[in-house]
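Text of data.cif (mmCIF, N, CA and C atoms and all ligand atoms) as supplied:
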data_work
loop_
_atom_site.label_atom_id
_atom_site.label_comp_id
_atom_site.auth_asym_id
_atom_site.auth_seq_id
_atom_site.Cartn_x
_atom_site.Cartn_y
_atom_site.Cartn_z
N MET H 1 -92.70 -30.90 -83.33
CA MET H 1 -91.99 -32.05 -82.75
C MET H 1 -91.56 -33.00 -83.85
N THR H 2 -90.26 -33.33 -83.84
CA THR H 2 -89.76 -34.25 -84.88
C THR H 2 -89.89 -35.69 -84.39
N ARG H 3 -90.05 -36.52 -85.31
CA ARG H 3 -90.18 -37.95 -85.00
C ARG H 3 -88.82 -38.50 -84.54
N GLN H 4 -88.85 -39.29 -83.44
CA GLN H 4 -87.60 -39.92 -82.96
C GLN H 4 -87.09 -40.93 -83.98
N TRP H 5 -85.79 -41.04 -84.01
CA TRP H 5 -85.18 -42.04 -84.89
C TRP H 5 -85.64 -43.42 -84.46
N TYR H 6 -85.92 -44.25 -85.40
CA TYR H 6 -86.37 -45.61 -85.12
C TYR H 6 -85.38 -46.29 -84.15
N PRO H 7 -85.83 -46.74 -82.98
CA PRO H 7 -84.88 -47.12 -81.92
C PRO H 7 -84.17 -48.46 -82.10
N TYR H 8 -84.66 -49.30 -82.97
CA TYR H 8 -84.03 -50.62 -83.05
C TYR H 8 -82.84 -50.62 -83.99
N ARG H 9 -81.83 -51.31 -83.59
CA ARG H 9 -80.64 -51.42 -84.42
C ARG H 9 -80.62 -52.78 -85.11
N ASP H 10 -80.06 -52.79 -86.26
CA ASP H 10 -79.86 -54.05 -86.96
C ASP H 10 -78.50 -54.59 -86.54
N LYS H 11 -78.53 -55.68 -85.74
CA LYS H 11 -77.28 -56.25 -85.22
C LYS H 11 -76.29 -56.58 -86.33
N GLN H 12 -76.83 -57.06 -87.44
CA GLN H 12 -75.96 -57.48 -88.53
C GLN H 12 -75.15 -56.30 -89.09
N ARG H 13 -75.68 -55.10 -88.93
CA ARG H 13 -74.99 -53.94 -89.49
C ARG H 13 -74.05 -53.27 -88.50
N ASP H 14 -74.17 -53.66 -87.22
CA ASP H 14 -73.23 -53.14 -86.23
C ASP H 14 -71.89 -53.83 -86.40
N GLN H 15 -70.84 -53.05 -86.27
CA GLN H 15 -69.50 -53.64 -86.24
C GLN H 15 -69.29 -54.27 -84.87
N PRO H 16 -68.72 -55.48 -84.83
CA PRO H 16 -68.41 -56.03 -83.50
C PRO H 16 -67.44 -55.14 -82.76
N ARG H 17 -67.63 -55.01 -81.46
CA ARG H 17 -66.70 -54.22 -80.64
C ARG H 17 -65.35 -54.92 -80.56
N PHE H 18 -65.42 -56.26 -80.43
CA PHE H 18 -64.18 -57.04 -80.39
C PHE H 18 -64.53 -58.50 -80.59
N PHE H 19 -63.51 -59.30 -80.77
CA PHE H 19 -63.71 -60.74 -80.85
C PHE H 19 -63.15 -61.36 -79.57
N CYS H 20 -63.91 -62.29 -79.00
CA CYS H 20 -63.46 -62.94 -77.77
C CYS H 20 -62.17 -63.71 -78.05
N ALA H 21 -61.16 -63.48 -77.19
CA ALA H 21 -59.88 -64.16 -77.36
C ALA H 21 -59.98 -65.65 -76.99
N GLY H 22 -61.06 -66.00 -76.28
CA GLY H 22 -61.23 -67.40 -75.87
C GLY H 22 -61.91 -68.24 -76.93
N CYS H 23 -63.08 -67.79 -77.38
CA CYS H 23 -63.86 -68.61 -78.30
C CYS H 23 -63.95 -68.00 -79.69
N GLY H 24 -63.50 -66.76 -79.86
CA GLY H 24 -63.52 -66.13 -81.18
C GLY H 24 -64.86 -65.56 -81.59
N GLU H 25 -65.84 -65.63 -80.71
CA GLU H 25 -67.17 -65.09 -81.03
C GLU H 25 -67.12 -63.56 -81.14
N GLU H 26 -67.93 -63.04 -82.05
CA GLU H 26 -68.05 -61.59 -82.16
C GLU H 26 -68.74 -61.04 -80.92
N GLN H 27 -68.21 -59.97 -80.37
CA GLN H 27 -68.82 -59.36 -79.19
C GLN H 27 -69.26 -57.96 -79.54
N TYR H 28 -70.49 -57.63 -79.16
CA TYR H 28 -71.05 -56.34 -79.53
C TYR H 28 -71.11 -55.35 -78.38
N SER H 29 -71.00 -55.88 -77.16
CA SER H 29 -71.04 -54.95 -76.04
C SER H 29 -70.18 -55.49 -74.91
N TYR H 30 -69.72 -54.59 -74.09
CA TYR H 30 -68.95 -54.98 -72.91
C TYR H 30 -69.90 -55.16 -71.74
N ASP H 31 -69.59 -56.11 -70.92
CA ASP H 31 -70.30 -56.25 -69.66
C ASP H 31 -69.40 -55.68 -68.57
N GLY H 32 -69.99 -55.05 -67.57
CA GLY H 32 -69.21 -54.43 -66.50
C GLY H 32 -68.24 -55.38 -65.83
N GLU H 33 -68.65 -56.64 -65.66
CA GLU H 33 -67.84 -57.61 -64.95
C GLU H 33 -66.92 -58.41 -65.86
N ALA H 34 -67.02 -58.13 -67.15
CA ALA H 34 -66.30 -58.98 -68.10
C ALA H 34 -64.79 -58.85 -67.94
N VAL H 35 -64.10 -59.94 -68.21
CA VAL H 35 -62.65 -59.92 -68.28
C VAL H 35 -62.29 -59.31 -69.63
N PRO H 36 -61.39 -58.31 -69.66
CA PRO H 36 -61.07 -57.66 -70.94
C PRO H 36 -60.66 -58.66 -72.02
N GLY H 37 -61.26 -58.50 -73.18
CA GLY H 37 -60.89 -59.35 -74.31
C GLY H 37 -61.63 -60.68 -74.37
N LEU H 38 -62.43 -60.95 -73.35
CA LEU H 38 -63.16 -62.22 -73.32
C LEU H 38 -64.66 -61.98 -73.22
N CYS H 39 -65.42 -62.90 -73.81
CA CYS H 39 -66.87 -62.84 -73.64
C CYS H 39 -67.21 -63.24 -72.21
N LEU H 40 -68.46 -63.08 -71.83
CA LEU H 40 -68.87 -63.34 -70.45
C LEU H 40 -68.55 -64.77 -70.04
N GLU H 41 -68.87 -65.70 -70.91
CA GLU H 41 -68.69 -67.12 -70.58
C GLU H 41 -67.20 -67.48 -70.46
N CYS H 42 -66.40 -67.04 -71.42
CA CYS H 42 -64.96 -67.32 -71.36
C CYS H 42 -64.33 -66.60 -70.16
N GLY H 43 -64.85 -65.41 -69.83
CA GLY H 43 -64.36 -64.66 -68.68
C GLY H 43 -64.60 -65.42 -67.38
N ARG H 44 -65.81 -65.98 -67.27
CA ARG H 44 -66.13 -66.79 -66.07
C ARG H 44 -65.19 -67.98 -65.98
N ARG H 45 -64.97 -68.63 -67.09
CA ARG H 45 -64.10 -69.80 -67.12
C ARG H 45 -62.67 -69.41 -66.71
N ALA H 46 -62.22 -68.27 -67.21
CA ALA H 46 -60.86 -67.80 -66.90
C ALA H 46 -60.72 -67.48 -65.42
N ARG H 47 -61.78 -66.85 -64.86
CA ARG H 47 -61.73 -66.53 -63.43
C ARG H 47 -61.71 -67.80 -62.58
N LYS H 48 -62.53 -68.78 -62.95
CA LYS H 48 -62.58 -70.05 -62.23
C LYS H 48 -61.20 -70.72 -62.28
N ARG H 49 -60.62 -70.69 -63.44
CA ARG H 49 -59.31 -71.28 -63.65
C ARG H 49 -58.24 -70.60 -62.77
N GLU H 50 -58.36 -69.29 -62.68
CA GLU H 50 -57.42 -68.52 -61.86
C GLU H 50 -57.59 -68.87 -60.37
N GLU H 51 -58.84 -69.03 -59.94
CA GLU H 51 -59.11 -69.42 -58.55
C GLU H 51 -58.56 -70.81 -58.26
N ASP H 52 -58.77 -71.72 -59.21
CA ASP H 52 -58.26 -73.09 -59.05
C ASP H 52 -56.73 -73.08 -58.97
N ALA H 53 -56.12 -72.30 -59.84
CA ALA H 53 -54.65 -72.22 -59.86
C ALA H 53 -54.14 -71.70 -58.52
N MET H 54 -54.86 -70.73 -57.96
CA MET H 54 -54.49 -70.16 -56.65
C MET H 54 -54.55 -71.24 -55.57
N THR H 55 -55.62 -72.02 -55.57
CA THR H 55 -55.78 -73.11 -54.59
C THR H 55 -54.65 -74.12 -54.73
N LEU H 56 -54.32 -74.48 -55.96
CA LEU H 56 -53.25 -75.45 -56.18
C LEU H 56 -51.91 -74.90 -55.73
N ARG H 57 -51.69 -73.59 -55.96
CA ARG H 57 -50.42 -72.98 -55.51
C ARG H 57 -50.32 -73.02 -53.99
N GLU H 58 -51.44 -72.73 -53.31
CA GLU H 58 -51.45 -72.79 -51.85
C GLU H 58 -51.16 -74.20 -51.36
N MET H 59 -51.76 -75.19 -52.01
CA MET H 59 -51.51 -76.59 -51.66
C MET H 59 -50.06 -76.95 -51.89
N SER H 60 -49.48 -76.45 -52.97
CA SER H 60 -48.09 -76.79 -53.30
C SER H 60 -47.14 -76.27 -52.22
N VAL H 61 -47.48 -75.13 -51.62
CA VAL H 61 -46.65 -74.58 -50.53
C VAL H 61 -46.64 -75.54 -49.35
N GLU H 62 -47.81 -76.11 -49.03
CA GLU H 62 -47.89 -77.08 -47.94
C GLU H 62 -47.11 -78.35 -48.26
N TYR H 63 -47.19 -78.78 -49.50
CA TYR H 63 -46.42 -79.97 -49.90
C TYR H 63 -44.92 -79.71 -49.80
N ARG H 64 -44.52 -78.49 -50.22
CA ARG H 64 -43.10 -78.14 -50.14
C ARG H 64 -42.60 -78.16 -48.70
N ALA H 65 -43.43 -77.67 -47.78
CA ALA H 65 -43.06 -77.67 -46.36
C ALA H 65 -42.91 -79.11 -45.86
N GLN H 66 -43.83 -79.96 -46.30
CA GLN H 66 -43.79 -81.37 -45.91
C GLN H 66 -42.53 -82.05 -46.48
N VAL H 67 -42.18 -81.70 -47.72
CA VAL H 67 -40.97 -82.23 -48.36
C VAL H 67 -39.74 -81.90 -47.50
N GLN H 68 -39.70 -80.66 -47.01
CA GLN H 68 -38.56 -80.21 -46.19
C GLN H 68 -38.49 -80.97 -44.86
N VAL H 69 -39.66 -81.16 -44.23
CA VAL H 69 -39.72 -81.91 -42.96
C VAL H 69 -39.22 -83.34 -43.17
N LEU H 70 -39.68 -83.97 -44.24
CA LEU H 70 -39.26 -85.35 -44.53
C LEU H 70 -37.76 -85.42 -44.79
N ARG H 71 -37.26 -84.44 -45.56
CA ARG H 71 -35.84 -84.40 -45.88
C ARG H 71 -34.98 -84.34 -44.60
N GLU H 72 -35.39 -83.48 -43.68
CA GLU H 72 -34.66 -83.32 -42.42
C GLU H 72 -34.72 -84.59 -41.58
N ARG H 73 -35.90 -85.22 -41.54
CA ARG H 73 -36.08 -86.45 -40.76
C ARG H 73 -35.20 -87.57 -41.34
N ILE H 74 -35.13 -87.66 -42.65
CA ILE H 74 -34.30 -88.67 -43.31
C ILE H 74 -32.83 -88.45 -42.95
N GLN H 75 -32.41 -87.19 -42.96
CA GLN H 75 -31.01 -86.88 -42.63
C GLN H 75 -30.68 -87.26 -41.18
N GLU H 76 -31.63 -87.02 -40.27
CA GLU H 76 -31.44 -87.41 -38.87
C GLU H 76 -31.27 -88.92 -38.74
N LEU H 77 -32.14 -89.66 -39.45
CA LEU H 77 -32.08 -91.12 -39.40
C LEU H 77 -30.77 -91.63 -40.00
N GLU H 78 -30.30 -91.00 -41.07
CA GLU H 78 -29.04 -91.40 -41.70
C GLU H 78 -27.86 -91.18 -40.75
N GLN H 79 -27.92 -90.07 -40.02
CA GLN H 79 -26.86 -89.79 -39.05
C GLN H 79 -26.89 -90.80 -37.90
N ALA H 80 -28.10 -91.12 -37.43
CA ALA H 80 -28.26 -92.11 -36.35
C ALA H 80 -27.77 -93.48 -36.83
N GLN H 81 -28.07 -93.79 -38.08
CA GLN H 81 -27.66 -95.08 -38.66
C GLN H 81 -26.13 -95.16 -38.74
N ALA H 82 -25.51 -94.08 -39.19
CA ALA H 82 -24.05 -94.04 -39.33
C ALA H 82 -23.37 -94.14 -37.97
N ALA H 83 -24.01 -93.59 -36.94
CA ALA H 83 -23.42 -93.56 -35.61
C ALA H 83 -23.64 -94.86 -34.84
N SER H 84 -24.62 -95.64 -35.29
CA SER H 84 -24.98 -96.85 -34.53
C SER H 84 -24.04 -98.01 -34.83
N GLY H 85 -23.63 -98.73 -33.76
CA GLY H 85 -22.79 -99.91 -33.92
C GLY H 85 -23.60 -101.20 -33.91
N ASP H 86 -24.89 -101.09 -33.72
CA ASP H 86 -25.76 -102.26 -33.60
C ASP H 86 -26.37 -102.61 -34.96
N PRO H 87 -26.01 -103.78 -35.52
CA PRO H 87 -26.51 -104.16 -36.86
C PRO H 87 -28.04 -104.20 -36.93
N GLY H 88 -28.69 -104.69 -35.88
CA GLY H 88 -30.16 -104.74 -35.87
C GLY H 88 -30.75 -103.35 -35.94
N GLU H 89 -30.16 -102.45 -35.17
CA GLU H 89 -30.61 -101.05 -35.15
C GLU H 89 -30.37 -100.39 -36.51
N ARG H 90 -29.21 -100.65 -37.08
CA ARG H 90 -28.88 -100.08 -38.40
C ARG H 90 -29.86 -100.56 -39.46
N SER H 91 -30.21 -101.83 -39.40
CA SER H 91 -31.14 -102.42 -40.36
C SER H 91 -32.55 -101.83 -40.19
N ARG H 92 -32.95 -101.67 -38.96
CA ARG H 92 -34.27 -101.08 -38.67
C ARG H 92 -34.33 -99.64 -39.20
N LEU H 93 -33.24 -98.90 -38.97
CA LEU H 93 -33.17 -97.52 -39.45
C LEU H 93 -33.18 -97.47 -40.99
N GLU H 94 -32.52 -98.45 -41.61
CA GLU H 94 -32.47 -98.50 -43.07
C GLU H 94 -33.88 -98.65 -43.66
N GLY H 95 -34.67 -99.52 -43.05
CA GLY H 95 -36.05 -99.70 -43.50
C GLY H 95 -36.86 -98.42 -43.37
N ARG H 96 -36.65 -97.75 -42.25
CA ARG H 96 -37.36 -96.48 -41.99
C ARG H 96 -36.92 -95.41 -43.01
N ILE H 97 -35.64 -95.35 -43.29
CA ILE H 97 -35.11 -94.38 -44.26
C ILE H 97 -35.69 -94.63 -45.66
N GLN H 98 -35.76 -95.90 -46.04
CA GLN H 98 -36.29 -96.22 -47.37
C GLN H 98 -37.77 -95.84 -47.49
N LEU H 99 -38.51 -96.12 -46.43
CA LEU H 99 -39.94 -95.77 -46.44
C LEU H 99 -40.13 -94.26 -46.55
N LEU H 100 -39.39 -93.52 -45.72
CA LEU H 100 -39.52 -92.06 -45.73
C LEU H 100 -39.03 -91.47 -47.06
N THR H 101 -38.02 -92.10 -47.66
CA THR H 101 -37.51 -91.62 -48.95
C THR H 101 -38.57 -91.77 -50.04
N THR H 102 -39.30 -92.90 -49.99
CA THR H 102 -40.40 -93.10 -50.94
C THR H 102 -41.47 -92.03 -50.77
N ILE H 103 -41.85 -91.79 -49.52
CA ILE H 103 -42.87 -90.77 -49.24
C ILE H 103 -42.36 -89.38 -49.64
N TRP H 104 -41.08 -89.12 -49.33
CA TRP H 104 -40.47 -87.83 -49.68
C TRP H 104 -40.53 -87.61 -51.20
N ARG H 105 -40.17 -88.64 -51.98
CA ARG H 105 -40.15 -88.52 -53.45
C ARG H 105 -41.55 -88.25 -54.00
N GLU H 106 -42.53 -88.98 -53.48
CA GLU H 106 -43.91 -88.81 -53.96
C GLU H 106 -44.47 -87.43 -53.57
N THR H 107 -44.12 -86.98 -52.38
CA THR H 107 -44.59 -85.66 -51.93
C THR H 107 -43.95 -84.57 -52.79
N ARG H 108 -42.67 -84.72 -53.09
CA ARG H 108 -41.97 -83.75 -53.95
C ARG H 108 -42.58 -83.73 -55.35
N ASP H 109 -42.84 -84.91 -55.93
CA ASP H 109 -43.46 -84.99 -57.26
C ASP H 109 -44.83 -84.31 -57.25
N GLN H 110 -45.56 -84.53 -56.17
CA GLN H 110 -46.89 -83.93 -56.05
C GLN H 110 -46.79 -82.41 -55.97
N ALA H 111 -45.79 -81.92 -55.24
CA ALA H 111 -45.58 -80.46 -55.14
C ALA H 111 -45.27 -79.87 -56.52
N VAL H 112 -44.41 -80.55 -57.27
CA VAL H 112 -44.05 -80.07 -58.61
C VAL H 112 -45.28 -80.06 -59.51
N LEU H 113 -46.07 -81.12 -59.41
CA LEU H 113 -47.29 -81.20 -60.23
C LEU H 113 -48.23 -80.04 -59.90
N LEU H 114 -48.41 -79.76 -58.62
CA LEU H 114 -49.31 -78.68 -58.20
C LEU H 114 -48.79 -77.33 -58.67
N GLU H 115 -47.47 -77.15 -58.60
CA GLU H 115 -46.87 -75.87 -59.01
C GLU H 115 -47.02 -75.65 -60.51
N ARG H 116 -46.98 -76.73 -61.27
CA ARG H 116 -46.93 -76.58 -62.73
C ARG H 116 -48.21 -77.01 -63.43
N TYR H 117 -49.26 -77.26 -62.64
CA TYR H 117 -50.47 -77.84 -63.21
C TYR H 117 -51.01 -77.04 -64.38
N TYR H 118 -50.91 -75.73 -64.27
CA TYR H 118 -51.49 -74.89 -65.32
C TYR H 118 -50.47 -74.42 -66.35
N GLU H 119 -49.24 -74.90 -66.24
CA GLU H 119 -48.28 -74.56 -67.30
C GLU H 119 -48.66 -75.31 -68.56
N ARG H 120 -48.64 -74.58 -69.65
CA ARG H 120 -49.02 -75.18 -70.92
C ARG H 120 -48.15 -76.40 -71.22
N GLY H 121 -48.81 -77.51 -71.48
CA GLY H 121 -48.07 -78.69 -71.91
C GLY H 121 -47.41 -79.48 -70.80
N TYR H 122 -47.62 -79.07 -69.53
CA TYR H 122 -46.98 -79.83 -68.46
C TYR H 122 -47.84 -81.02 -68.06
N ARG H 123 -47.54 -82.14 -68.64
CA ARG H 123 -48.24 -83.37 -68.26
C ARG H 123 -47.24 -84.51 -68.24
N ARG H 124 -45.98 -84.16 -67.97
CA ARG H 124 -44.93 -85.17 -68.06
C ARG H 124 -45.05 -86.25 -67.00
N ASN H 125 -45.51 -85.84 -65.83
CA ASN H 125 -45.61 -86.81 -64.76
C ASN H 125 -46.96 -87.52 -64.85
N GLY H 126 -46.96 -88.65 -65.52
CA GLY H 126 -48.21 -89.37 -65.76
C GLY H 126 -48.69 -90.19 -64.56
N ARG H 127 -47.88 -90.22 -63.50
CA ARG H 127 -48.26 -91.04 -62.35
C ARG H 127 -49.36 -90.43 -61.52
N TYR H 128 -49.47 -89.12 -61.60
CA TYR H 128 -50.48 -88.46 -60.75
C TYR H 128 -51.50 -87.71 -61.59
N THR H 129 -52.72 -87.78 -61.15
CA THR H 129 -53.75 -86.93 -61.74
C THR H 129 -54.53 -86.31 -60.60
N ILE H 130 -55.04 -85.12 -60.85
CA ILE H 130 -55.81 -84.45 -59.81
C ILE H 130 -57.28 -84.49 -60.21
ZN ZN H 201 -65.68 -66.39 -75.53
#
In structure tokens, how does this file's structure come out?
Amino acid sequence: MTRQWYPYRDKQRDQPRFFCAGCGEEQYSYDGEAVPGLCLECGRRARKREEDAMTLREMSVEYRAQVQVLRERIQELEQAQAASGDPGERSRLEGRIQLLTTIWRETRDQAVLLERYYERGYRRNGRYTI
């Protein structure tokens, strides 16, 4: 019977399998659940980020729908205002149109922010933070 090869490996002499693209750490083994090219920790972070981005995209769809509803309502009020011969009524409608236009603009900005939140360098709209 021959003696088994000494089972312990010297980590320092092993070549790294790859370097993590996230943190640059040397990686010596793959984990089954790992994201390719990333260490376990960076992989978890990337997955969390992807889930968050998905949630924000879903929210942005709802904001877009709301933007459309507001847009249509504003157009209806503008038509009613144009058709009305009553100055008091026209003035009341004008106030309503201005209020809805403000809400419409903010909702649209919010939708854009949600859609682009994870785009590199997109922080132009400083009015909103999530
Ligand atoms: Zn890493």
Next on the checklist: One number please: atom CA of H:Gln15 to atom CA of H:Ser29, in Å, one decimal.
Outcome noted: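 Answer for the atom CA of H:Gln15 to atom CA of H:Ser29 separation: 10.4 Å.
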Item to check | alpha helix (DSSP H) call set, DSSP backbone run, stretch 2-128 of chain H, as a PyMOL selection string | outcome: chain H and resi 40-83+87-116
Determine, for each residue of chain H having at least one atom at most 6 Å from an atom of ligand ZN 201 (chain H), the closest pair of atoms and their separation in Å to one decimal, counting all atoms listed in the file; order by chain and ascending number, as a Markdown table.
| residue | atom | partner | partner_atom | distance |
| --- | --- | --- | --- | --- |
| H:Cys20 | CA | H:ZN201 | ZN | 4.7 |
| H:Ala21 | N | H:ZN201 | ZN | 5.6 |
| H:Gly22 | C | H:ZN201 | ZN | 4.4 |
| H:Cys23 | N | H:ZN201 | ZN | 3.5 |
| H:Gly24 | N | H:ZN201 | ZN | 4.9 |
| H:Glu25 | N | H:ZN201 | ZN | 5.2 |
| H:Leu38 | C | H:ZN201 | ZN | 5.1 |
| H:Cys39 | N | H:ZN201 | ZN | 3.9 |
| H:Leu40 | N | H:ZN201 | ZN | 5.7 |
| H:Glu41 | C | H:ZN201 | ZN | 5.4 |
| H:Cys42 | N | H:ZN201 | ZN | 4.2 |
| H:Gly43 | N | H:ZN201 | ZN | 5.8 |
Next on the checklist: As an exercise, work out the distance from atom CA of H:Glu115 to atom C of H:Ala53 in Å and give it to one decimal place.
Outcome noted: 8.4 Å
Item to check | All residues 12 Å or closer to H:Glu76, only C-alpha atoms, same chain fewer than 6 positions away omitted, as a list in words | outcome: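 Using only C-alpha atoms, the neighbours found are Val69, Leu70, Ala82, Ala83, Leu93, Glu94, Arg96, Ile97 and Leu100 of chain H.
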